>>> print(open('data.txt').read())   # compact mmCIF, C-alpha atoms and all ligand atoms
# COMPACT_ATOMS: atom_id res chain seq x y z
CA MET L 297 103.73 -34.97 166.73
CA LYS L 298 106.46 -36.33 164.49
CA PHE L 299 109.89 -37.61 165.53
CA GLU L 300 111.53 -34.69 163.75
CA ASP L 301 109.90 -32.37 166.31
CA TYR L 302 111.32 -34.27 169.29
CA ASN L 303 114.13 -33.00 171.40
CA ILE L 304 116.35 -35.97 170.64
CA SER L 305 119.80 -36.10 169.13
CA TYR L 306 120.19 -35.56 165.40
CA GLU L 307 121.96 -38.92 164.96
CA VAL L 308 119.03 -40.82 166.49
CA LYS L 309 116.63 -38.95 164.21
CA LYS L 310 118.72 -40.14 161.27
CA GLY L 311 118.39 -43.71 162.57
CA LEU L 312 114.62 -43.32 162.87
CA ASP L 313 114.46 -41.98 159.38
CA ALA L 314 116.46 -44.90 157.99
CA LEU L 315 113.99 -47.32 159.61
CA GLY L 316 111.04 -45.39 158.21
CA PHE L 317 109.69 -44.51 161.68
CA LYS L 318 107.98 -41.14 161.27
CA LYS L 319 105.69 -40.72 164.24
CA PRO L 320 105.66 -42.34 167.68
CA THR L 321 103.32 -45.17 168.67
CA ASP L 322 101.19 -44.63 171.82
CA ILE L 323 103.76 -46.10 174.16
CA GLN L 324 106.55 -44.07 172.58
CA PHE L 325 104.52 -40.89 172.76
CA LYS L 326 103.99 -41.45 176.48
CA SER L 327 107.40 -42.82 177.47
CA ILE L 328 109.97 -40.80 175.55
CA PRO L 329 109.51 -37.41 177.32
CA PRO L 330 109.76 -38.74 180.92
CA ILE L 331 112.68 -41.02 180.06
CA LEU L 332 114.52 -38.09 178.48
CA LYS L 333 113.96 -36.17 181.72
CA GLY L 334 115.58 -38.99 183.69
CA GLU L 335 112.41 -40.14 185.43
CA ASP L 336 111.57 -43.71 186.39
CA VAL L 337 108.89 -45.32 184.26
CA LEU L 338 106.57 -48.23 184.94
CA ALA L 339 104.94 -49.25 181.69
CA ILE L 340 102.36 -51.90 181.03
CA ALA L 341 102.51 -52.55 177.34
CA GLN L 342 102.35 -55.62 175.16
CA THR L 343 105.02 -56.49 172.64
CA GLY L 344 104.05 -55.17 169.27
CA THR L 345 103.20 -51.74 170.59
CA GLY L 346 106.68 -50.41 169.78
CA LYS L 347 107.91 -50.63 173.36
CA THR L 348 111.53 -51.44 172.50
CA ALA L 349 111.96 -48.21 170.61
CA ALA L 350 110.07 -46.45 173.43
CA PHE L 351 113.11 -46.91 175.64
CA ALA L 352 115.79 -47.24 172.95
CA ILE L 353 115.14 -43.83 171.39
CA PRO L 354 115.56 -41.70 174.53
CA ILE L 355 118.41 -43.80 175.98
CA LEU L 356 120.38 -43.63 172.73
CA SER L 357 119.77 -39.93 172.54
CA ILE L 358 120.96 -39.31 176.11
CA LEU L 359 124.08 -41.44 175.66
CA GLN L 360 124.93 -39.96 172.29
CA GLU L 361 124.89 -36.45 173.76
CA TYR L 362 126.94 -37.68 176.73
CA LYS L 363 129.53 -39.29 174.48
CA LYS L 364 130.02 -36.13 172.49
CA ASN L 365 131.84 -34.70 175.52
CA GLN L 366 133.58 -37.89 176.49
CA SER L 367 136.89 -38.89 174.99
CA ARG L 368 137.45 -42.25 176.66
CA ASP L 369 135.27 -45.24 177.25
CA ASP L 370 133.99 -45.52 180.79
CA GLY L 371 132.06 -48.79 180.98
CA VAL L 372 128.50 -49.99 180.64
CA LYS L 373 126.01 -47.18 181.34
CA CYS L 374 122.73 -48.84 180.55
CA LEU L 375 121.75 -52.41 181.34
CA VAL L 376 118.71 -54.00 179.72
CA MET L 377 117.72 -57.23 181.48
CA VAL L 378 115.73 -59.68 179.38
CA PRO L 379 114.42 -63.21 179.96
CA THR L 380 115.66 -64.97 176.80
CA HIS L 381 118.56 -65.11 174.32
CA GLU L 382 116.25 -64.35 171.46
CA LEU L 383 114.97 -61.23 173.11
CA ALA L 384 118.52 -60.12 173.92
CA ILE L 385 119.47 -60.39 170.26
CA GLN L 386 116.30 -58.74 169.07
CA ILE L 387 116.54 -55.78 171.41
CA SER L 388 120.22 -55.19 170.75
CA GLU L 389 119.40 -55.16 167.06
CA VAL L 390 116.83 -52.41 167.61
CA PHE L 391 119.43 -50.38 169.54
CA ASN L 392 122.02 -50.99 166.83
CA LYS L 393 119.69 -50.01 164.01
CA LEU L 394 118.35 -46.91 165.74
CA GLY L 395 121.84 -46.02 166.91
CA LYS L 396 123.52 -46.64 163.57
CA TYR L 397 124.63 -43.02 163.22
CA THR L 398 125.56 -42.54 166.87
CA ARG L 399 128.77 -43.37 168.74
CA VAL L 400 126.82 -45.47 171.22
CA THR L 401 127.66 -49.18 171.29
CA THR L 402 125.20 -51.94 172.21
CA TYR L 403 125.98 -55.58 172.87
CA ALA L 404 123.82 -58.67 173.53
CA LEU L 405 125.16 -60.96 176.24
CA PHE L 406 123.75 -64.44 176.90
CA GLY L 407 124.81 -67.92 177.91
CA GLY L 408 125.20 -71.12 175.91
CA VAL L 409 128.08 -69.70 173.86
CA GLU L 410 131.80 -69.17 174.56
CA GLN L 411 132.53 -66.35 176.93
CA ASP L 412 135.96 -65.24 175.60
CA PRO L 413 134.65 -63.32 172.58
CA GLN L 414 132.13 -61.68 174.94
CA ILE L 415 134.88 -60.58 177.32
CA LYS L 416 136.83 -59.17 174.38
CA GLU L 417 133.79 -57.23 173.24
CA LEU L 418 133.23 -55.84 176.75
CA ASN L 419 136.87 -54.77 176.93
CA GLU L 420 136.55 -52.88 173.69
CA GLY L 421 133.83 -50.76 175.25
CA VAL L 422 130.08 -51.29 175.50
CA ASP L 423 127.65 -48.52 176.47
CA ILE L 424 124.41 -50.50 176.46
CA LEU L 425 124.40 -54.11 177.53
CA VAL L 426 121.36 -56.25 176.77
CA ALA L 427 121.69 -59.37 178.90
CA THR L 428 120.08 -62.49 180.27
CA PRO L 429 120.83 -62.93 183.99
CA GLY L 430 122.96 -66.12 184.04
CA ARG L 431 125.92 -65.13 181.88
CA MET L 432 125.84 -61.58 183.15
CA PHE L 433 126.35 -62.74 186.74
CA ASP L 434 129.08 -65.17 185.63
CA LEU L 435 131.06 -62.34 184.10
CA VAL L 436 130.45 -60.06 187.06
CA SER L 437 131.70 -62.68 189.51
CA GLN L 438 134.78 -63.34 187.38
CA GLY L 439 135.49 -59.62 187.37
CA TYR L 440 135.08 -59.08 183.63
CA LEU L 441 131.99 -56.95 183.93
CA ARG L 442 131.58 -53.99 186.25
CA LEU L 443 128.22 -52.51 187.00
CA HIS L 444 129.16 -49.46 189.03
CA ARG L 445 128.73 -46.97 186.17
CA ILE L 446 125.27 -48.07 185.21
CA ASN L 447 122.85 -45.21 185.49
CA THR L 448 119.89 -46.76 183.69
CA LEU L 449 118.41 -50.17 184.40
CA ILE L 450 115.74 -51.44 182.05
CA LEU L 451 113.72 -54.53 182.90
CA ASP L 452 111.94 -55.75 179.82
CA GLU L 453 109.20 -58.41 179.88
CA ALA L 454 109.39 -58.35 183.66
CA ASP L 455 106.39 -60.68 183.94
CA HIS L 456 108.16 -63.28 181.85
CA MET L 457 111.31 -62.88 183.93
CA LEU L 458 109.26 -63.73 187.01
CA ASP L 459 107.65 -66.71 185.26
CA LEU L 460 111.11 -68.06 184.56
CA GLY L 461 112.14 -67.67 188.19
CA PHE L 462 114.52 -64.73 187.78
CA ILE L 463 113.25 -62.85 190.81
CA LYS L 464 116.32 -63.62 192.95
CA ASP L 465 118.61 -62.57 190.09
CA ILE L 466 116.84 -59.25 189.83
CA GLU L 467 117.11 -58.66 193.56
CA ASP L 468 120.83 -59.57 193.57
CA LEU L 469 121.48 -57.35 190.61
CA VAL L 470 119.84 -54.31 192.13
CA LYS L 471 122.14 -54.58 195.15
CA LYS L 472 125.13 -54.25 192.83
CA LEU L 473 123.89 -51.17 190.99
CA PRO L 474 124.40 -47.54 191.98
CA LYS L 475 121.47 -46.35 194.13
CA SER L 476 120.89 -43.18 192.20
CA ARG L 477 119.87 -44.50 188.85
CA GLN L 478 116.99 -44.42 186.46
CA THR L 479 114.85 -47.56 186.33
CA LEU L 480 112.48 -48.40 183.51
CA PHE L 481 110.15 -51.31 184.14
CA PHE L 482 108.26 -52.88 181.26
CA SER L 483 105.75 -55.68 181.55
CA ALA L 484 103.01 -56.97 179.26
CA THR L 485 100.73 -57.92 182.13
CA ILE L 486 100.27 -56.77 185.67
CA ASN L 487 99.26 -58.54 188.87
CA ASP L 488 99.89 -57.85 192.54
CA TYR L 489 103.20 -59.67 192.52
CA ILE L 490 104.55 -57.73 189.56
CA LYS L 491 103.26 -54.52 191.08
CA SER L 492 105.15 -55.09 194.30
CA LEU L 493 108.34 -55.97 192.42
CA ALA L 494 107.95 -52.88 190.28
CA TYR L 495 107.42 -50.59 193.24
CA SER L 496 110.45 -52.03 194.99
CA LEU L 497 112.57 -51.00 192.01
CA VAL L 498 111.21 -47.69 190.78
CA LYS L 499 110.93 -44.38 192.61
CA ASN L 500 108.00 -42.02 191.99
CA ALA L 501 107.60 -43.69 188.65
CA ILE L 502 105.55 -42.32 185.83
CA ARG L 503 102.91 -44.98 185.20
CA ILE L 504 102.05 -45.69 181.63
CA GLN L 505 99.42 -48.16 180.60
CA ILE L 506 98.59 -48.88 177.01
CA SER L 507 95.03 -49.97 176.18
CA PRO L 508 94.35 -51.31 179.68
CA LYS L 509 90.77 -52.31 178.85
CA ASP L 510 91.70 -54.47 175.92
CA PRO L 511 94.98 -56.31 176.25
CA VAL L 512 94.85 -57.31 172.58
CA SER L 513 96.29 -54.63 170.31
CA LYS L 514 93.63 -52.76 168.38
CA ASN L 515 95.53 -53.60 165.20
CA VAL L 516 94.65 -57.28 165.56
CA THR L 517 91.33 -58.75 164.43
CA HIS L 518 90.95 -61.94 166.42
CA SER L 519 88.31 -64.61 166.28
CA VAL L 520 87.61 -68.23 167.11
CA MET L 521 86.35 -71.20 165.09
CA PHE L 522 84.88 -74.34 166.63
CA ILE L 523 86.76 -77.25 165.13
CA GLU L 524 87.13 -80.79 166.34
CA MET L 525 90.62 -81.78 167.45
CA ASP L 526 91.17 -84.27 164.62
CA ASP L 527 89.98 -81.84 161.96
CA LYS L 528 92.25 -78.95 162.85
CA ARG L 529 94.91 -79.84 160.30
CA PHE L 530 92.43 -79.53 157.43
CA PHE L 531 91.49 -76.04 158.51
CA LEU L 532 95.13 -75.03 158.81
CA GLU L 533 95.70 -76.45 155.33
CA ARG L 534 92.80 -74.35 154.08
CA ILE L 535 94.09 -71.15 155.66
CA VAL L 536 97.57 -71.70 154.22
CA ASN L 537 96.19 -72.42 150.77
CA GLU L 538 93.93 -69.39 150.86
CA HIS L 539 96.86 -67.15 151.79
CA PRO L 540 99.83 -68.58 149.93
CA GLU L 541 101.84 -65.37 150.13
CA SER L 542 101.26 -64.66 153.82
CA LYS L 543 103.52 -65.34 156.72
CA ILE L 544 101.61 -67.52 159.17
CA LEU L 545 102.65 -68.30 162.73
CA VAL L 546 100.95 -71.32 164.29
CA PHE L 547 100.89 -72.01 168.01
CA VAL L 548 100.54 -75.48 169.45
CA ARG L 549 100.55 -76.74 173.02
CA THR L 550 103.53 -79.10 173.00
CA LYS L 551 106.75 -79.90 171.16
CA VAL L 552 105.30 -83.22 170.04
CA ARG L 553 102.25 -81.50 168.59
CA ALA L 554 104.50 -79.06 166.76
CA GLU L 555 106.27 -81.92 164.98
CA ARG L 556 102.96 -83.64 164.29
CA VAL L 557 101.43 -80.59 162.68
CA LYS L 558 104.56 -80.15 160.59
CA ALA L 559 104.24 -83.78 159.40
CA ALA L 560 100.54 -83.30 158.63
CA MET L 561 101.37 -80.23 156.54
CA ALA L 562 104.17 -82.08 154.76
CA ARG L 563 101.64 -84.72 153.71
CA VAL L 564 99.69 -82.09 151.83
CA ALA L 565 102.87 -80.59 150.31
CA ILE L 566 102.95 -77.56 152.59
CA GLU L 567 106.41 -76.69 153.78
CA SER L 568 106.83 -75.55 157.35
CA GLU L 569 109.34 -75.34 160.18
CA THR L 570 109.02 -75.82 163.92
CA ILE L 571 110.51 -73.97 166.83
CA HIS L 572 110.44 -75.34 170.35
CA GLY L 573 112.54 -75.98 173.43
CA ASP L 574 113.99 -79.28 172.18
CA LYS L 575 115.82 -77.54 169.39
CA GLU L 576 119.36 -76.29 169.68
CA GLN L 577 119.77 -72.56 170.11
CA ALA L 578 121.58 -72.29 166.75
CA SER L 579 118.84 -74.10 164.88
CA ARG L 580 116.16 -71.96 166.56
CA LEU L 581 117.91 -68.81 165.45
CA GLU L 582 118.33 -70.22 161.94
CA VAL L 583 114.61 -71.01 161.71
CA MET L 584 113.68 -67.57 163.03
CA LYS L 585 115.94 -65.97 160.44
CA LYS L 586 114.37 -67.93 157.61
CA PHE L 587 110.89 -67.04 158.80
CA ALA L 588 111.84 -63.39 159.24
CA ASN L 589 113.21 -63.10 155.70
CA GLY L 590 110.28 -65.01 154.20
CA GLU L 591 112.15 -68.16 153.14
CA ILE L 592 109.67 -70.10 155.27
CA LYS L 593 106.08 -68.94 155.25
CA LEU L 594 104.67 -71.27 157.90
CA LEU L 595 106.21 -71.55 161.35
CA ILE L 596 104.84 -73.85 164.05
CA ALA L 597 105.80 -72.79 167.56
CA THR L 598 105.25 -73.52 171.22
CA ASP L 599 104.63 -70.64 173.63
CA VAL L 600 107.98 -70.57 175.33
CA SER L 601 110.03 -70.50 172.17
CA ALA L 602 108.24 -67.61 170.56
CA ARG L 603 107.48 -65.32 173.46
CA GLY L 604 108.43 -61.69 173.02
CA ILE L 605 109.87 -62.30 169.59
CA ASP L 606 109.35 -59.66 166.97
CA ILE L 607 109.09 -61.18 163.52
CA PRO L 608 108.44 -58.69 160.81
CA GLY L 609 105.37 -59.08 158.67
CA VAL L 610 103.47 -61.93 160.34
CA GLU L 611 100.01 -61.53 158.84
CA TYR L 612 98.25 -64.45 160.51
CA VAL L 613 98.53 -66.07 163.88
CA VAL L 614 96.75 -69.39 164.22
CA ASN L 615 96.11 -70.76 167.68
CA TYR L 616 96.00 -74.37 166.58
CA ASP L 617 95.62 -75.27 170.23
CA LEU L 618 94.35 -72.80 172.77
CA PRO L 619 96.98 -71.79 175.32
CA ASP L 620 96.78 -73.33 178.80
CA VAL L 621 97.55 -69.98 180.38
CA SER L 622 95.10 -67.24 179.36
CA GLU L 623 97.76 -64.54 179.33
CA ASN L 624 99.59 -66.39 176.59
CA TYR L 625 96.64 -65.71 174.30
CA VAL L 626 97.58 -62.05 174.41
CA HIS L 627 101.26 -62.78 173.78
CA ARG L 628 100.48 -65.08 170.89
CA VAL L 629 98.06 -62.84 169.00
CA GLY L 630 100.47 -59.98 169.65
CA ARG L 631 102.91 -61.58 167.18
CA THR L 632 100.84 -59.98 164.42
CA GLY L 633 99.58 -56.41 163.97
CA ARG L 634 102.86 -54.93 165.14
CA GLY L 635 103.74 -51.24 165.05
CA PHE L 636 101.22 -49.67 162.72
CA ASN L 637 100.49 -52.90 160.80
CA LYS L 638 97.21 -54.78 160.86
CA GLY L 639 97.00 -58.47 161.72
CA VAL L 640 94.59 -61.39 161.93
CA ALA L 641 94.50 -64.07 164.62
CA ILE L 642 92.34 -67.19 164.42
CA SER L 643 91.90 -69.72 167.21
CA PHE L 644 90.79 -73.30 166.71
CA CYS L 645 88.70 -74.41 169.65
CA SER L 646 87.65 -78.05 170.04
CA GLU L 647 84.87 -79.28 172.29
CA GLU L 648 87.30 -80.16 175.07
CA GLU L 649 88.95 -76.74 174.87
CA LYS L 650 85.76 -74.79 175.49
CA PRO L 651 86.49 -74.29 179.21
CA ILE L 652 89.88 -72.79 178.27
CA LEU L 653 88.17 -70.45 175.84
CA GLU L 654 85.92 -69.31 178.63
CA GLU L 655 88.92 -68.57 180.84
CA ILE L 656 90.57 -66.57 178.07
CA GLU L 657 87.41 -64.55 177.54
CA THR L 658 87.23 -63.84 181.27
CA PHE L 659 90.85 -62.68 181.16
CA LEU L 660 90.11 -60.41 178.19
CA ALA L 661 86.90 -59.27 179.87
CA LYS L 662 85.03 -59.74 176.62
CA PRO L 663 83.96 -62.51 174.26
CA ILE L 664 86.04 -63.40 171.22
CA GLN L 665 84.19 -63.11 167.96
CA VAL L 666 83.05 -66.51 166.64
CA ILE L 667 83.43 -67.37 162.97
CA GLY L 668 80.23 -69.23 162.27
CA MET L 669 80.38 -72.13 159.89
CA ASP L 670 77.57 -74.32 158.64
CA LYS L 671 77.98 -78.06 158.39
CA ARG L 672 78.43 -78.00 154.65
CA ASP L 673 81.27 -75.50 154.79
CA TYR L 674 82.89 -77.44 157.60
CA ASN L 675 82.69 -80.72 155.70
CA SER L 676 83.88 -79.24 152.44
CA THR L 677 87.05 -78.02 154.17
CA ILE L 678 87.79 -81.59 155.17
CA GLU L 679 86.86 -82.93 151.78
CA PHE L 680 89.18 -80.58 149.92
CA THR L 681 92.27 -81.71 151.69
CA ALA L 682 95.11 -82.94 149.53
CA ASP L 683 95.86 -85.57 152.14
CA VAL L 684 95.35 -88.86 150.38
CA ASP L 685 95.63 -90.74 153.63
CA ASN L 686 92.86 -88.78 155.19
CA ASP L 687 91.02 -91.34 157.28
CA TRP L 688 87.73 -89.58 156.83
CA LYS L 689 87.96 -89.76 153.05
CA LYS L 690 89.13 -93.31 153.18
CA LEU L 691 86.20 -94.25 155.33
CA LEU L 692 83.84 -92.63 152.85
CA LYS L 693 85.46 -94.40 149.95
CA ASP L 694 85.31 -97.71 151.75
CA ALA L 695 81.67 -97.11 152.52
CA GLU L 696 81.00 -96.28 148.87
CA LYS L 697 82.75 -99.44 147.72
CA GLU L 698 80.71 -101.39 150.17
CA GLU L 699 77.50 -99.89 148.82
CA TYR L 700 78.31 -100.64 145.19
CA LYS L 701 79.45 -104.17 145.80
CA PRO L 702 77.21 -106.54 143.95
CA LYS L 703 75.03 -108.26 146.46
CA LYS L 704 75.73 -111.91 146.87
CA ARG L 705 72.97 -114.12 145.74
CA LYS L 706 71.57 -116.30 148.31
P1 LIG G 801 108.01 -53.94 169.78
O1 LIG G 801 106.74 -53.75 170.53
O2 LIG G 801 109.12 -53.15 170.35
O3 LIG G 801 108.37 -55.39 169.63
O4 LIG G 801 107.82 -53.34 168.30
C1 LIG G 801 106.90 -53.84 167.40
C2 LIG G 801 107.14 -53.43 165.95
O5 LIG G 801 106.79 -52.09 165.74
C3 LIG G 801 108.57 -53.57 165.48
O6 LIG G 801 108.55 -54.35 164.29
C4 LIG G 801 109.02 -52.17 165.19
O7 LIG G 801 109.88 -52.15 164.07
C5 LIG G 801 107.72 -51.44 164.90
N1 LIG G 801 107.74 -50.03 165.32
C6 LIG G 801 108.11 -49.56 166.53
N2 LIG G 801 107.98 -48.22 166.59
C7 LIG G 801 107.51 -47.81 165.39
C8 LIG G 801 107.16 -46.53 164.83
N3 LIG G 801 107.27 -45.42 165.54
N4 LIG G 801 106.74 -46.52 163.57
C9 LIG G 801 106.61 -47.66 162.87
N5 LIG G 801 106.91 -48.89 163.32
C10 LIG G 801 107.35 -48.98 164.57
>>> encode(input="data.txt", output="structure tokens")
Amino acid sequence: MKFEDYNISYEVKKGLDALGFKKPTDIQFKSIPPILKGEDVLAIAQTGTGKTAAFAIPILSILQEYKKNQSRDDGVKCLVMVPTHELAIQISEVFNKLGKYTRVTTYALFGGVEQDPQIKELNEGVDILVATPGRMFDLVSQGYLRLHRINTLILDEADHMLDLGFIKDIEDLVKKLPKSRQTLFFSATINDYIKSLAYSLVKNAIRIQISPKDPVSKNVTHSVMFIEMDDKRFFLERIVNEHPESKILVFVRTKVRAERVKAAMARVAIESETIHGDKEQASRLEVMKKFANGEIKLLIATDVSARGIDIPGVEYVVNYDLPDVSENYVHRVGRTGRGFNKGVAISFCSEEEKPILEEIETFLAKPIQVIGMDKRDYNSTIEFTADVDNDWKKLLKDAEKEEYKPKKRK
């Protein structure tokens, strides 16, 4: 079935057309009809499956039809709760693009910036508010934001919201919302805790689960290479050099490692940027923008900073370090192979990381394909580095010098 055959407003169809979206992804196919009917939905779907549009399309369509008969603005009608600023911006952009030809207005609200322009925007009329909890509650308690007209609540990345300790915020929020409302609950992963939260929020929900057996999107080919910790940079260098035109997203365990990998790449004349929690919000957004538009081809990130972020056209994800939390493997490799695109994810696993690999495989309920490499291939990768300071090469050279030194006569 194509979007043109859907019972959604003409203006939303125009928006879909402008974005080049012709047919729904799995999650869209399953979610759009019940959401249009006003039912509650509980969806387990990873980012990259098209889940934002899965709720944006029907909500925009409903509100556009509603606004056709409405002459004056009557407050926020849909609230999308998200865990991070970046996600708020990203989701509001999807609403704005899809809703370009509608009269529906969407606004992203988050902390860390001045509140006056936000209040002004709210006063001018916002239909869909995409918000992080902190600033939203601030504005509610100051009386600038009223929630009594909200008839749809969307919780996106609910698992991440719980990880970040937003449970109390969610509970407080629900008390302030009208009882008869539609609730859409989206989460990438499910456990008993998330289930109980979900069931406390939704009523007779339609349950939708996308590829439950394999949490990694079928568009992503993912594999692992066994590489010693100190050699990882040479293999990253090789991947970058073999794919000079590709956008590559690299995940490391810590902020310090991110900067170290960047420095190692700089030594071999490979330009990269980092994104992690130590960076200012403005600089993080700037880096994301440059990576999104292709100005930077190599981005080195920590888990927290890149979670849930949709960057167009990432062809390779490199797990330079394996993630400490198995679930993050799914989130990381899900940065590629988005929508209908194909993607490749490669993990570097050192000897000491083998137990983590085992945990990840248990979580995935299947082994990750191993890229076999013989010793010669492994060594040649290290040898071909452009890093003149490479200790390994230096050692070899020193050894050679030693060998060719004329022997002292006795
Ligand atoms: P999401 O899971 O919402 O982060 O979306 C992942 C990516 O899929 C985004 O880059 C969307 O632009 C893309 N996408 C979503 N729905 C469709 C569709 N029906 N056709 C093509 N691309 C899509």
>>> residues_near_ligand(input="data.txt", ligand="ligand LIG 801 (chain G)", cutoff="10 Å", atoms="only C-alpha atoms and all ligand atoms", output="MDAnalysis selection string")
chainID L and resid 298:299 312:313 315:325 341:353 383 386:387 390 604:610 630:637
>>> residues_around(input="data.txt", residues="stretch 581-593 of chain L", least_positions_apart="6", cutoff="8 Å", atoms="only C-alpha atoms", output="count of residues only")
13
>>> residues_around(input="data.txt", residues="L:Ile490", least_positions_apart="2", cutoff="12 Å", atoms="only C-alpha atoms", output="ChimeraX atom specification")
/L:338-340,451,453-459,463,481-488,492-497
>>> write_last_selection(input="data.txt", atoms="C-alpha atoms", output="CSV table (one decimal), in the coordinates of the input")
chain,number,residue,atom,x,y,z
L,338,LEU,CA,106.6,-48.2,184.9
L,339,ALA,CA,104.9,-49.2,181.7
L,340,ILE,CA,102.4,-51.9,181.0
L,451,LEU,CA,113.7,-54.5,182.9
L,453,GLU,CA,109.2,-58.4,179.9
L,454,ALA,CA,109.4,-58.4,183.7
L,455,ASP,CA,106.4,-60.7,183.9
L,456,HIS,CA,108.2,-63.3,181.8
L,457,MET,CA,111.3,-62.9,183.9
L,458,LEU,CA,109.3,-63.7,187.0
L,459,ASP,CA,107.6,-66.7,185.3
L,463,ILE,CA,113.2,-62.8,190.8
L,481,PHE,CA,110.2,-51.3,184.1
L,482,PHE,CA,108.3,-52.9,181.3
L,483,SER,CA,105.8,-55.7,181.6
L,484,ALA,CA,103.0,-57.0,179.3
L,485,THR,CA,100.7,-57.9,182.1
L,486,ILE,CA,100.3,-56.8,185.7
L,487,ASN,CA,99.3,-58.5,188.9
L,488,ASP,CA,99.9,-57.8,192.5
L,492,SER,CA,105.2,-55.1,194.3
L,493,LEU,CA,108.3,-56.0,192.4
L,494,ALA,CA,108.0,-52.9,190.3
L,495,TYR,CA,107.4,-50.6,193.2
L,496,SER,CA,110.4,-52.0,195.0
L,497,LEU,CA,112.6,-51.0,192.0
>>> residues_around(input="data.txt", residues="L:Tyr362", least_positions_apart="6", cutoff="12 Å", atoms="all atoms listed in the file", output="ChimeraX atom specification")
/L:305,355-356,368-370,373,398-400,423
>>> write_last_selection(input="data.txt", atoms="C-alpha atoms", output="PDB file, in the frame of the given file")
ATOM      1  CA  SER L 305     119.800 -36.100 169.130  1.00  0.00           C
ATOM      2  CA  ILE L 355     118.410 -43.800 175.980  1.00  0.00           C
ATOM      3  CA  LEU L 356     120.380 -43.630 172.730  1.00  0.00           C
ATOM      4  CA  ARG L 368     137.450 -42.250 176.660  1.00  0.00           C
ATOM      5  CA  ASP L 369     135.270 -45.240 177.250  1.00  0.00           C
ATOM      6  CA  ASP L 370     133.990 -45.520 180.790  1.00  0.00           C
ATOM      7  CA  LYS L 373     126.010 -47.180 181.340  1.00  0.00           C
ATOM      8  CA  THR L 398     125.560 -42.540 166.870  1.00  0.00           C
ATOM      9  CA  ARG L 399     128.770 -43.370 168.740  1.00  0.00           C
ATOM     10  CA  VAL L 400     126.820 -45.470 171.220  1.00  0.00           C
ATOM     11  CA  ASP L 423     127.650 -48.520 176.470  1.00  0.00           C
TER      12      ASP L 423
END
>>> closest_residue(input="data.txt", among="L:Gly439, L:Val378, L:Lys514, L:Phe531", to="L:Phe462", atoms="only C-alpha atoms")
L:Val378
>>> atom_distance(input="data.txt", atom1="atom CA of L:Leu394", atom2="atom CA of L:Ser367")
22.2 Å
>>> atom_distance(input="data.txt", atom1="atom CA of L:Arg442", atom2="atom CA of L:Ala404")
15.6 Å
>>> residues_around(input="data.txt", residues="L:Phe522", least_positions_apart="6", cutoff="7 Å", atoms="all atoms listed in the file", output="list in words")
Phe644, Cys645 and Ser646 of chain L
>>> residues_near_point(input="data.txt", point="(121.0, -52.7, 190.2)", cutoff="10 Å", atoms="all atoms listed in the file", output="MDAnalysis selection string")
chainID L and resid 375 443:444 446:450 466:479 497
>>> write_last_selection(input="data.txt", atoms="C-alpha atoms", output="PDB file, keeping the file's coordinate frame")
ATOM      1  CA  LEU L 375     121.750 -52.410 181.340  1.00  0.00           C
ATOM      2  CA  LEU L 443     128.220 -52.510 187.000  1.00  0.00           C
ATOM      3  CA  HIS L 444     129.160 -49.460 189.030  1.00  0.00           C
ATOM      4  CA  ILE L 446     125.270 -48.070 185.210  1.00  0.00           C
ATOM      5  CA  ASN L 447     122.850 -45.210 185.490  1.00  0.00           C
ATOM      6  CA  THR L 448     119.890 -46.760 183.690  1.00  0.00           C
ATOM      7  CA  LEU L 449     118.410 -50.170 184.400  1.00  0.00           C
ATOM      8  CA  ILE L 450     115.740 -51.440 182.050  1.00  0.00           C
ATOM      9  CA  ILE L 466     116.840 -59.250 189.830  1.00  0.00           C
ATOM     10  CA  GLU L 467     117.110 -58.660 193.560  1.00  0.00           C
ATOM     11  CA  ASP L 468     120.830 -59.570 193.570  1.00  0.00           C
ATOM     12  CA  LEU L 469     121.480 -57.350 190.610  1.00  0.00           C
ATOM     13  CA  VAL L 470     119.840 -54.310 192.130  1.00  0.00           C
ATOM     14  CA  LYS L 471     122.140 -54.580 195.150  1.00  0.00           C
ATOM     15  CA  LYS L 472     125.130 -54.250 192.830  1.00  0.00           C
ATOM     16  CA  LEU L 473     123.890 -51.170 190.990  1.00  0.00           C
ATOM     17  CA  PRO L 474     124.400 -47.540 191.980  1.00  0.00           C
ATOM     18  CA  LYS L 475     121.470 -46.350 194.130  1.00  0.00           C
ATOM     19  CA  SER L 476     120.890 -43.180 192.200  1.00  0.00           C
ATOM     20  CA  ARG L 477     119.870 -44.500 188.850  1.00  0.00           C
ATOM     21  CA  GLN L 478     116.990 -44.420 186.460  1.00  0.00           C
ATOM     22  CA  THR L 479     114.850 -47.560 186.330  1.00  0.00           C
ATOM     23  CA  LEU L 497     112.570 -51.000 192.010  1.00  0.00           C
TER      24      LEU L 497
END
>>> atom_distance(input="data.txt", atom1="atom CA of L:Asn615", atom2="atom CA of L:Ala661")
19.1 Å
>>> closest_residue(input="data.txt", among="L:His572, L:Lys558, L:Arg529, L:Arg549", to="L:Ala682", atoms="all atoms listed in the file")
L:Arg529
